[in-house]
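Colleague: After the C-alpha coordinates below, expect a handful of questions from me.
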Amino acid sequence: MKPQLLLAAFFACTINTQVLADDEHKRLQLTGKVIDGVNVSFVIAYQCRDVLGTTYYNAIRTYAEKAFQQIGLSPEMAAQRVNRLEKFIESEKKPGRKEDIEGCVWNISTVNHDLQTAQKNYIDFTQPRNP
(Lines give C-alpha, C1' and ligand atoms only; values in the text may rest on other atoms or scores of the structure.)
Protein backbone atom coordinates (compact mmCIF):
# COMPACT_ATOMS: atom_id res chain seq x y z
CA MET A 1 0.00 0.00 0.00
CA LYS A 2 1.29 3.43 -0.86
CA PRO A 3 2.38 5.53 2.12
CA GLN A 4 0.09 8.43 1.13
CA LEU A 5 -2.94 6.14 0.98
CA LEU A 6 -2.08 4.56 4.32
CA LEU A 7 -1.57 7.98 5.88
CA ALA A 8 -4.87 9.24 4.46
CA ALA A 9 -6.70 6.21 5.87
CA PHE A 10 -5.10 6.76 9.27
CA PHE A 11 -6.16 10.43 9.36
CA ALA A 12 -9.69 9.56 8.22
CA CYS A 13 -10.05 7.08 11.08
CA THR A 14 -8.58 9.55 13.57
CA ILE A 15 -10.90 12.34 12.46
CA ASN A 16 -13.93 10.03 12.54
CA THR A 17 -13.03 8.85 16.08
CA GLN A 18 -12.64 12.45 17.25
CA VAL A 19 -16.01 13.41 15.77
CA LEU A 20 -17.68 10.52 17.61
CA ALA A 21 -15.98 11.51 20.88
CA ASP A 22 -17.02 15.14 20.40
CA ASP A 23 -20.61 14.06 19.70
CA GLU A 24 -20.71 11.93 22.83
CA HIS A 25 -19.29 14.77 24.91
CA LYS A 26 -21.92 17.17 23.54
CA ARG A 27 -24.72 14.64 24.17
CA LEU A 28 -23.57 14.23 27.77
CA GLN A 29 -23.49 18.00 28.25
CA LEU A 30 -27.02 18.34 26.90
CA THR A 31 -28.20 15.44 29.06
CA GLY A 32 -26.72 17.16 32.10
CA LYS A 33 -28.60 20.35 31.31
CA VAL A 34 -31.89 18.47 31.09
CA ILE A 35 -31.17 16.73 34.41
CA ASP A 36 -30.25 20.05 36.05
CA GLY A 37 -33.43 21.62 34.70
CA VAL A 38 -35.59 18.78 36.01
CA ASN A 39 -33.95 18.96 39.43
CA VAL A 40 -34.42 22.72 39.79
CA SER A 41 -37.98 22.61 38.46
CA PHE A 42 -38.90 19.83 40.85
CA VAL A 43 -37.33 21.57 43.86
CA ILE A 44 -39.25 24.77 43.15
CA ALA A 45 -42.47 22.83 42.60
CA TYR A 46 -41.89 21.10 45.95
CA GLN A 47 -41.26 24.42 47.68
CA CYS A 48 -44.36 25.96 46.11
CA ARG A 49 -46.77 23.04 46.43
CA ASP A 50 -48.65 24.65 49.32
CA VAL A 51 -49.14 27.85 47.31
CA LEU A 52 -49.76 26.31 43.88
CA GLY A 53 -51.47 23.13 45.03
CA THR A 54 -50.77 19.44 44.77
CA THR A 55 -52.30 19.18 41.31
CA TYR A 56 -49.60 21.44 39.92
CA TYR A 57 -46.93 19.65 41.95
CA ASN A 58 -48.07 16.28 40.59
CA ALA A 59 -48.06 17.66 37.05
CA ILE A 60 -44.43 18.81 37.48
CA ARG A 61 -43.59 15.39 38.92
CA THR A 62 -45.06 13.68 35.85
CA TYR A 63 -43.24 16.12 33.56
CA ALA A 64 -39.97 15.33 35.38
CA GLU A 65 -40.45 11.62 34.80
CA LYS A 66 -41.14 12.18 31.10
CA ALA A 67 -38.06 14.40 30.76
CA PHE A 68 -35.91 11.64 32.28
CA GLN A 69 -37.44 9.14 29.86
CA GLN A 70 -36.64 11.46 26.98
CA ILE A 71 -32.93 11.27 27.79
CA GLY A 72 -32.99 7.48 27.91
CA LEU A 73 -34.29 6.24 31.26
CA SER A 74 -36.99 3.59 31.35
CA PRO A 75 -40.35 4.64 32.87
CA GLU A 76 -39.49 2.65 36.00
CA MET A 77 -36.03 4.21 36.35
CA ALA A 78 -37.44 7.69 35.73
CA ALA A 79 -40.05 7.20 38.48
CA GLN A 80 -37.37 5.90 40.85
CA ARG A 81 -35.15 8.88 40.11
CA VAL A 82 -37.96 11.33 40.86
CA ASN A 83 -38.80 9.39 44.04
CA ARG A 84 -35.17 9.64 45.16
CA LEU A 85 -35.13 13.36 44.37
CA GLU A 86 -38.30 13.87 46.40
CA LYS A 87 -36.88 11.91 49.34
CA PHE A 88 -33.68 13.95 49.16
CA ILE A 89 -35.63 17.21 49.27
CA GLU A 90 -37.73 15.94 52.18
CA SER A 91 -34.60 14.87 54.08
CA GLU A 92 -33.17 18.37 54.03
CA LYS A 93 -33.52 20.16 57.34
CA LYS A 94 -35.31 23.12 55.78
CA PRO A 95 -36.47 22.44 52.23
CA GLY A 96 -38.20 25.79 52.44
CA ARG A 97 -41.73 26.63 51.57
CA LYS A 98 -42.58 29.55 49.39
CA GLU A 99 -45.49 31.65 50.57
CA ASP A 100 -45.63 34.16 47.72
CA ILE A 101 -47.72 33.00 44.74
CA GLU A 102 -46.26 35.61 42.40
CA GLY A 103 -42.72 34.51 43.26
CA CYS A 104 -43.63 30.87 42.78
CA VAL A 105 -45.26 31.49 39.42
CA TRP A 106 -42.33 33.61 38.23
CA ASN A 107 -39.69 31.11 39.38
CA ILE A 108 -41.48 28.06 38.04
CA SER A 109 -42.13 29.78 34.69
CA THR A 110 -38.50 30.78 34.31
CA VAL A 111 -37.16 27.38 35.32
CA ASN A 112 -39.61 25.50 33.10
CA HIS A 113 -38.65 27.69 30.14
CA ASP A 114 -34.99 26.82 30.75
CA LEU A 115 -35.89 23.12 31.04
CA GLN A 116 -37.86 23.19 27.80
CA THR A 117 -34.94 24.90 26.06
CA ALA A 118 -32.58 22.19 27.36
CA GLN A 119 -34.96 19.49 26.13
CA LYS A 120 -35.25 21.10 22.71
CA ASN A 121 -31.46 21.34 22.41
CA TYR A 122 -31.14 17.67 23.40
CA ILE A 123 -33.77 16.57 20.89
CA ASP A 124 -32.29 18.71 18.11
CA PHE A 125 -28.89 17.16 18.71
CA THR A 126 -29.93 13.53 19.11
CA GLN A 127 -32.67 13.21 16.51
CA PRO A 128 -31.60 12.53 12.94
CA ARG A 129 -32.30 15.39 10.62
CA ASN A 130 -34.64 14.80 7.72
CA PRO A 131 -33.21 15.75 4.32
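Letters for chains follow the order of the C-alpha coordinates (A, B, ...), residue numbers begin at 1 for each chain, and ligand numbers begin at 1 in the order shown.
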If you run DSSP over the backbone, which residues in segment 15-100 of chain A end up alpha helix (DSSP H)? Put them as a PyMOL selection string.

Modeller: chain A and resi 15-47+49-52+54-70+75-91

Colleague: Select, from A:Asn121, A:Asp36, A:Phe42, A:His25, the residue with the minimum atom-to-atom distance to Phe88 of chain A, counting only C-alpha atoms.

Modeller: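 For Phe88 of chain A, the nearest of the given residues is A:Phe42.
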
Colleague: Residues within 9 Å of segment 97-109 of chain A, please, as a list of chain:residue names. Count only C-alpha atoms; anything in the same chain fewer than 3 positions from it doesn't count.

Modeller: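 Returned residues: A:Ser41, A:Ile44, A:Ala45, A:Tyr46, A:Gln47, A:Cys48, A:Arg49, A:Asp50, A:Val51, A:Leu52, A:Lys94, A:Asn112, A:His113, A:Asp114.
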
Colleague: Counting only C-alpha atoms, what are the residues of segment 24-78 of chain A within 12 Å of segment 124-128 of chain A, and for each of them which pair of atoms is the nearest and at what distance in Å, to one decimal? Sort the table by chain and rising number, as a tab-separated table.

Modeller:
```
residue	atom	partner	partner_atom	distance
A:Glu24	CA	A:Thr126	CA	10.1
A:His25	CA	A:Phe125	CA	11.7
A:Lys26	CA	A:Phe125	CA	8.5
A:Arg27	CA	A:Phe125	CA	7.3
A:Leu28	CA	A:Thr126	CA	10.8
A:Gln29	CA	A:Phe125	CA	11.0
A:Leu30	CA	A:Phe125	CA	8.5
A:Thr31	CA	A:Thr126	CA	10.3
A:Gln70	CA	A:Thr126	CA	10.5
A:Ile71	CA	A:Thr126	CA	9.5
A:Gly72	CA	A:Thr126	CA	11.1
```
